[in-house]
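What follows is the content of upload.txt (compact mmCIF, C-alpha atoms and all ligand atoms).
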```txt
# COMPACT_ATOMS: atom_id res chain seq x y z
CA VAL A 547 84.22 8.49 89.51
CA ASN A 548 82.74 10.44 92.36
CA MET A 549 85.80 11.68 94.23
CA THR A 550 83.85 12.53 97.37
CA SER A 551 83.34 8.82 97.94
CA GLN A 552 87.08 8.27 98.19
CA VAL A 553 87.93 10.87 100.79
CA THR A 554 87.02 11.68 104.33
CA THR A 555 86.97 15.05 106.03
CA GLN A 556 89.27 13.89 108.80
CA ARG A 557 92.46 15.90 108.81
CA ASN A 558 94.52 15.88 111.96
CA THR A 559 98.08 14.63 111.36
CA GLY A 560 99.91 17.92 111.72
CA VAL A 561 103.65 18.25 111.26
CA PRO A 562 105.18 19.24 114.61
CA GLY A 563 106.88 22.66 114.54
CA VAL A 564 105.39 23.62 111.17
CA LYS A 565 103.01 26.57 111.40
CA ASN A 566 101.67 26.73 107.84
CA ILE A 567 101.56 24.41 104.87
CA ILE A 568 101.19 26.12 101.51
CA ALA A 569 100.33 23.84 98.57
CA VAL A 570 101.32 25.06 95.10
CA ALA A 571 99.16 23.40 92.46
CA SER A 572 98.01 23.69 88.87
CA GLY A 573 95.71 21.79 86.60
CA LYS A 574 98.25 21.52 83.80
CA GLY A 575 101.92 20.60 83.84
CA GLY A 576 104.63 22.91 82.58
CA VAL A 577 102.88 26.12 83.65
CA GLY A 578 105.56 27.05 86.20
CA LYS A 579 104.46 25.37 89.41
CA SER A 580 107.99 24.51 90.46
CA THR A 581 109.28 27.93 89.44
CA VAL A 582 106.59 29.57 91.58
CA SER A 583 107.14 27.15 94.51
CA VAL A 584 110.86 27.81 94.62
CA ASN A 585 110.75 31.57 94.18
CA LEU A 586 107.78 32.00 96.53
CA ALA A 587 109.65 29.96 99.17
CA LEU A 588 112.70 32.21 98.75
CA ALA A 589 110.58 35.37 98.80
CA LEU A 590 108.92 34.26 102.06
CA SER A 591 112.37 33.53 103.44
CA LYS A 592 113.53 37.05 102.42
CA THR A 593 110.79 38.48 104.65
CA GLY A 594 112.52 36.78 107.60
CA ALA A 595 110.31 33.68 107.80
CA LYS A 596 111.70 30.17 108.32
CA VAL A 597 110.80 28.20 105.22
CA GLY A 598 110.85 24.58 104.09
CA LEU A 599 110.04 23.15 100.68
CA ILE A 600 108.77 19.70 99.69
CA ASP A 601 108.91 18.63 96.06
CA ALA A 602 106.06 16.13 95.87
CA ASP A 603 106.01 15.90 92.08
CA ILE A 604 106.73 12.21 91.82
CA TYR A 605 106.52 12.24 88.01
CA GLY A 606 108.78 15.22 87.41
CA PRO A 607 110.68 16.37 90.47
CA SER A 608 112.48 19.60 89.52
CA ILE A 609 113.66 21.01 92.83
CA PRO A 610 117.00 19.14 92.83
CA ILE A 611 117.91 20.78 89.50
CA MET A 612 116.53 24.20 90.45
CA PHE A 613 118.62 24.22 93.64
CA GLY A 614 121.73 22.71 92.04
CA LEU A 615 121.40 19.56 94.14
CA GLU A 616 121.36 16.77 91.58
CA GLY A 617 122.68 13.48 92.94
CA VAL A 618 122.44 14.69 96.54
CA ARG A 619 121.08 12.19 99.05
CA PRO A 620 119.72 13.40 102.37
CA LYS A 621 121.08 11.76 105.51
CA ALA A 622 118.74 9.20 107.00
CA THR A 623 119.27 7.68 110.42
CA GLN A 624 117.44 5.10 112.45
CA ASP A 625 116.18 6.20 115.83
CA ASN A 626 114.48 3.47 117.87
CA GLY A 627 113.48 1.74 114.67
CA LYS A 628 112.07 4.94 113.19
CA THR A 629 113.68 6.58 110.16
CA ARG A 630 114.70 10.24 110.53
CA ILE A 631 115.50 12.13 107.35
CA GLU A 632 117.53 15.32 107.45
CA PRO A 633 116.28 17.91 104.95
CA ILE A 634 118.97 19.49 102.77
CA GLU A 635 119.55 23.16 103.53
CA LYS A 636 120.38 25.59 100.72
CA TYR A 637 119.89 29.34 100.25
CA GLY A 638 118.35 29.36 103.73
CA ILE A 639 115.58 26.90 102.78
CA LYS A 640 115.19 23.36 104.14
CA LEU A 641 114.15 21.04 101.38
CA LEU A 642 113.30 17.52 100.44
CA SER A 643 112.39 16.16 97.03
CA ILE A 644 111.01 12.81 96.05
CA GLY A 645 113.77 13.12 93.43
CA PHE A 646 116.47 12.73 96.12
CA PHE A 647 115.28 9.15 96.59
CA THR A 648 114.74 8.01 93.01
CA ASP A 649 117.06 7.44 90.06
CA PRO A 650 116.84 10.61 87.93
CA ASN A 651 117.40 8.57 84.77
CA GLN A 652 114.60 6.10 85.39
CA PRO A 653 110.86 6.62 85.19
CA VAL A 654 108.94 6.06 88.44
CA PRO A 655 106.24 3.45 87.75
CA TRP A 656 104.76 3.58 91.25
CA ARG A 657 101.17 2.83 92.07
CA GLY A 658 99.08 5.22 94.14
CA PRO A 659 99.56 3.66 97.58
CA MET A 660 103.37 3.63 97.22
CA VAL A 661 103.37 7.25 96.15
CA SER A 662 101.18 8.19 99.10
CA THR A 663 103.48 6.44 101.55
CA ALA A 664 106.57 8.10 100.09
CA VAL A 665 105.01 11.57 100.17
CA LYS A 666 103.77 11.16 103.74
CA GLN A 667 107.30 10.18 104.79
CA LEU A 668 108.63 13.48 103.46
CA PHE A 669 106.37 15.21 105.99
CA ASN A 670 106.43 12.83 108.92
CA ASP A 671 109.90 11.30 108.94
CA ALA A 672 111.91 14.48 108.35
CA ASP A 673 113.38 16.81 110.93
CA TRP A 674 111.78 20.04 109.78
CA GLY A 675 112.42 21.85 113.05
CA GLU A 676 110.51 25.10 113.51
CA LEU A 677 109.07 26.45 110.26
CA ASP A 678 106.75 29.35 109.53
CA TYR A 679 105.98 27.92 106.09
CA LEU A 680 106.31 24.54 104.46
CA VAL A 681 105.72 25.01 100.73
CA ILE A 682 104.64 21.92 98.74
CA ASP A 683 105.24 21.67 95.01
CA LEU A 684 102.44 19.29 93.95
CA PRO A 685 102.27 17.33 90.70
CA PRO A 686 99.89 18.64 88.00
CA GLY A 687 96.27 17.58 88.09
CA THR A 688 93.97 16.43 90.86
CA GLY A 689 95.17 12.96 91.79
CA ASP A 690 96.40 10.68 94.53
CA ILE A 691 99.06 12.98 95.95
CA HIS A 692 96.61 15.89 96.33
CA ILE A 693 94.20 13.67 98.21
CA THR A 694 96.96 12.19 100.39
CA VAL A 695 98.43 15.56 101.31
CA THR A 696 95.14 17.33 101.98
CA GLN A 697 93.71 14.40 103.92
CA SER A 698 96.82 13.80 106.01
CA PHE A 699 97.95 17.34 106.84
CA PRO A 700 96.17 20.57 107.71
CA VAL A 701 97.03 22.52 104.56
CA THR A 702 96.73 26.25 105.30
CA GLY A 703 96.02 27.26 101.73
CA ALA A 704 96.60 26.54 98.06
CA VAL A 705 98.29 28.75 95.47
CA ILE A 706 97.08 27.93 91.95
CA VAL A 707 99.42 28.54 89.02
CA THR A 708 98.11 29.04 85.52
CA THR A 709 99.28 30.49 82.23
CA PRO A 710 97.05 32.77 80.14
CA GLN A 711 95.91 30.18 77.59
CA ASN A 712 92.36 28.85 77.78
CA VAL A 713 93.58 25.25 78.07
CA ALA A 714 95.56 26.13 81.20
CA LEU A 715 92.79 28.29 82.67
CA ALA A 716 90.24 25.49 82.22
CA ASP A 717 92.50 23.08 84.10
CA ALA A 718 93.26 25.66 86.81
CA LYS A 719 89.52 25.98 87.36
CA LYS A 720 89.29 22.22 87.93
CA GLY A 721 92.23 22.39 90.32
CA ILE A 722 90.52 25.14 92.32
CA GLY A 723 87.28 23.15 92.27
CA MET A 724 89.06 20.18 93.82
CA PHE A 725 90.42 22.20 96.76
CA MET A 726 86.97 23.71 97.27
CA MET A 727 85.20 20.34 97.49
CA PRO A 728 83.71 19.96 100.96
CA ALA A 729 85.69 16.77 101.60
CA ILE A 730 88.98 18.51 100.75
CA ASN A 731 88.17 22.04 101.92
CA VAL A 732 91.50 23.82 101.53
CA PRO A 733 91.27 27.64 101.28
CA ILE A 734 92.44 29.07 97.95
CA MET A 735 95.09 31.70 98.71
CA GLY A 736 94.98 32.86 95.14
CA VAL A 737 95.73 32.49 91.47
CA VAL A 738 99.12 33.32 89.96
CA GLU A 739 99.30 34.00 86.23
CA ASN A 740 102.72 32.87 85.05
CA MET A 741 104.15 33.71 81.61
CA ALA A 742 101.54 36.48 81.64
CA TYR A 743 103.44 38.60 79.11
CA PHE A 744 106.78 38.68 77.36
CA THR A 745 109.29 41.40 78.10
CA PRO A 746 112.45 41.50 75.97
CA GLU A 747 115.62 42.16 77.94
CA GLU A 748 116.50 45.14 75.74
CA LEU A 749 113.01 46.69 76.12
CA PRO A 750 112.25 46.22 79.84
CA ASN A 751 109.25 48.56 79.78
CA ASN A 752 107.43 46.78 76.97
CA LYS A 753 104.86 44.10 77.72
CA TYR A 754 103.70 41.78 74.96
CA TYR A 755 100.65 39.75 75.90
CA ILE A 756 101.44 36.96 73.47
CA PHE A 757 99.07 34.40 75.04
CA GLY A 758 96.18 36.82 75.72
CA GLN A 759 95.65 39.26 78.56
CA GLY A 760 93.88 39.13 81.90
CA GLY A 761 92.73 35.47 81.93
CA GLY A 762 94.17 34.66 85.35
CA LYS A 763 92.64 37.72 86.97
CA LYS A 764 89.28 36.99 85.34
CA LEU A 765 89.35 33.39 86.60
CA ALA A 766 90.09 34.62 90.12
CA GLN A 767 87.18 37.08 89.94
CA GLN A 768 84.84 34.44 88.55
CA LEU A 769 85.61 32.02 91.39
CA ASP A 770 85.83 34.77 94.00
CA VAL A 771 89.40 33.97 95.07
CA PRO A 772 92.36 36.40 95.41
CA PHE A 773 94.62 37.21 92.45
CA LEU A 774 98.29 37.02 93.48
CA GLY A 775 99.89 38.64 90.47
CA GLU A 776 101.36 38.29 87.00
CA ILE A 777 104.79 36.77 86.40
CA PRO A 778 106.29 37.71 83.02
CA LEU A 779 107.91 35.32 80.58
CA ILE A 780 111.59 36.07 81.00
CA LYS A 781 114.63 34.22 79.72
CA GLY A 782 116.40 34.62 83.07
CA ILE A 783 113.81 32.46 84.85
CA SER A 784 114.48 29.31 82.91
CA GLU A 785 118.23 30.02 82.81
CA SER A 786 118.42 30.48 86.57
CA GLY A 787 116.27 27.38 87.15
CA ASP A 788 118.57 25.28 85.00
CA ALA A 789 121.65 26.78 86.67
CA GLY A 790 120.47 25.84 90.17
CA ARG A 791 120.18 29.43 91.45
CA PRO A 792 116.57 30.68 91.51
CA ILE A 793 116.06 34.15 90.06
CA VAL A 794 114.75 35.77 93.26
CA LEU A 795 118.23 35.34 94.81
CA ASP A 796 119.91 37.66 92.31
CA ASP A 797 117.33 39.74 90.47
CA ASP A 798 116.44 43.09 91.99
CA GLY A 799 113.87 44.05 89.41
CA ILE A 800 110.48 43.03 88.13
CA MET A 801 110.70 39.32 89.14
CA THR A 802 111.65 39.91 92.73
CA THR A 803 109.01 42.62 93.02
CA ALA A 804 106.38 40.18 91.74
CA PHE A 805 107.40 37.34 94.07
CA MET A 806 107.79 39.60 97.12
CA GLU A 807 104.28 40.91 96.49
CA MET A 808 103.02 37.32 96.16
CA ALA A 809 104.73 36.41 99.46
CA ARG A 810 103.14 39.44 101.14
CA ARG A 811 99.67 38.43 99.96
CA VAL A 812 100.20 34.84 101.13
CA ALA A 813 101.48 35.98 104.53
CA GLN A 814 98.38 38.16 104.95
CA GLN A 815 96.22 35.06 104.77
CA VAL A 816 97.81 32.89 107.45
P1 LIG B 1 105.84 22.95 86.25
O1 LIG B 1 106.45 22.72 87.58
O2 LIG B 1 104.45 23.51 86.32
O3 LIG B 1 105.90 21.76 85.36
P2 LIG B 1 108.19 24.60 85.72
O4 LIG B 1 108.27 25.56 86.84
O5 LIG B 1 109.12 23.44 85.75
O6 LIG B 1 106.68 24.10 85.51
O7 LIG B 1 108.37 25.42 84.37
C1 LIG B 1 108.45 24.77 83.12
C2 LIG B 1 109.56 25.38 82.29
O8 LIG B 1 109.24 26.73 81.96
C3 LIG B 1 110.90 25.43 83.02
O9 LIG B 1 111.95 25.23 82.12
C4 LIG B 1 110.95 26.85 83.57
O10 LIG B 1 112.26 27.32 83.74
C5 LIG B 1 110.22 27.62 82.49
N1 LIG B 1 109.51 28.79 83.03
C6 LIG B 1 108.57 28.79 84.01
N2 LIG B 1 108.11 30.03 84.23
C7 LIG B 1 108.78 30.85 83.37
C8 LIG B 1 108.75 32.27 83.10
N3 LIG B 1 107.93 33.08 83.75
N4 LIG B 1 109.59 32.74 82.15
C9 LIG B 1 110.42 31.91 81.48
N5 LIG B 1 110.49 30.59 81.67
C10 LIG B 1 109.68 30.05 82.60
MG MG B 2 107.30 20.98 88.40
```
Just dump the structure as structure tokens.
Ligand code: ADP
Ligand code: MG
Amino acid sequence: VNMTSQVTTQRNTGVPGVKNIIAVASGKGGVGKSTVSVNLALALSKTGAKVGLIDADIYGPSIPIMFGLEGVRPKATQDNGKTRIEPIEKYGIKLLSIGFFTDPNQPVPWRGPMVSTAVKQLFNDADWGELDYLVIDLPPGTGDIHITVTQSFPVTGAVIVTTPQNVALADAKKGIGMFMMPAINVPIMGVVENMAYFTPEELPNNKYYIFGQGGGKKLAQQLDVPFLGEIPLIKGISESGDAGRPIVLDDDGIMTTAFMEMARRVAQQV
């Protein structure tokens, strides 16, 4: 299928009050897209910016769990026949997840057009107020939701998450290629290499490159896009994600340094 035939270059439905939309994407699932979205959003917020977060991963929404908001339903009101959704506010971030509107125990067998409508509502029908950044956690791959979001909203830039393995790098390359297509044309803000190396808690200065070294940086160089940094494989990341309190809120070491640096490099590009 020639994707260019399915998309147009028109892109004008901005979200009022929102200055920048940052899309977090990856080719493969499970590489840490949600982890990066959440901690990048919190790092941007730590710099004093007003930040919102949309979890647009229809097939595996993780933001409700990562923010300790399972079972929460945002308030929705009718105003002159138009629905207004109030984003949930936690840790200083305004957020909405497709997961707030679906049954967490049921699969979501939606077809493309339904998914597109639902995702657009998260942008258009919510009271985001004034935001410096609206971070979007996209599903893996290069599908319907990517096309909907990039065609409907002026995305400022994309952050691409990969892990060091060749299978992930190959998919990240495809993801970058999609954003670079003339019909999509979203600037690549950079590549993040997650799970770049393992550091045991008892040996904080040791780095073990168990999946290979330097792949993310090399990919960035090859495609002439910025490299945003390495995030180590650390037990605390998955523990904090499961506990509903992202690591950047509490850690004052290597993780926060990495995410603050990532936030700085993103902010430089808006
Ligand atoms: P994705 O959104 O790409 O599917 P997630 O952010 O949900 O990926 O990460 C997948 C799993 O790996 C989660 O359980 C998460 O806590 C864990 N994880 C992600 N990054 C790291 C890391 N750097 N160190 C340890 N665990 C991680
Ligand atoms: Mg995810």
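Closest approach to ligand LIG 1 (chain B) from the set A:Ala804, A:Ile780, A:Ile639, A:Ile600 is made by A:Ile780, with distances taken over all atoms listed in the file.
The spacing separating atom C10 of ligand LIG 1 (chain B) from atom CA of Val577 of chain A amounts to 7.9 Å.
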Can you list, as a compact mmCIF listing (two decimals) with C-alpha atoms, in the frame of the given file, every protein, DNA or RNA residue that comes within 7 Å of Gly658 of chain A when you count all atoms listed in the file, leaving out same-chain residues fewer than 3 positions away?
```txt
# COMPACT_ATOMS: atom_id res chain seq x y z
CA VAL A 661 103.37 7.25 96.15
CA SER A 662 101.18 8.19 99.10
CA ASP A 690 96.40 10.68 94.53
```
Quick one: residues within 6 Å of ligand MG 2 (chain B), with only C-alpha atoms and all ligand atoms, as a list in words?
Lys579, Ser580 and Ser608 of chain A
Find the nearest atom pair between each residue of chain A and ligand LIG 1 (chain B) for residues within 6 Å, count only C-alpha atoms and all ligand atoms, give distances in Å to one decimal, sort rows by chain and ascending number, and present the table as a Markdown table.
```
| residue | atom | partner | partner_atom | distance |
| --- | --- | --- | --- | --- |
| A:Gly575 | CA | B:LIG1 | O3 | 4.4 |
| A:Gly576 | CA | B:LIG1 | O3 | 3.3 |
| A:Val577 | CA | B:LIG1 | O2 | 4.1 |
| A:Gly578 | CA | B:LIG1 | O4 | 3.2 |
| A:Lys579 | CA | B:LIG1 | O2 | 3.6 |
| A:Ser580 | CA | B:LIG1 | O1 | 3.7 |
| A:Thr581 | CA | B:LIG1 | O4 | 3.7 |
| A:Asn740 | CA | B:LIG1 | N3 | 5.4 |
| A:Met741 | CA | B:LIG1 | N3 | 4.4 |
| A:Ile777 | CA | B:LIG1 | N3 | 5.5 |
| A:Pro778 | CA | B:LIG1 | N3 | 5.0 |
| A:Leu779 | CA | B:LIG1 | N4 | 3.5 |
| A:Ile780 | CA | B:LIG1 | N4 | 4.1 |
| A:Lys781 | CA | B:LIG1 | C9 | 5.1 |
| A:Ile783 | CA | B:LIG1 | C9 | 4.8 |
| A:Ser784 | CA | B:LIG1 | O10 | 3.1 |
| A:Gly787 | CA | B:LIG1 | O10 | 5.3 |
```
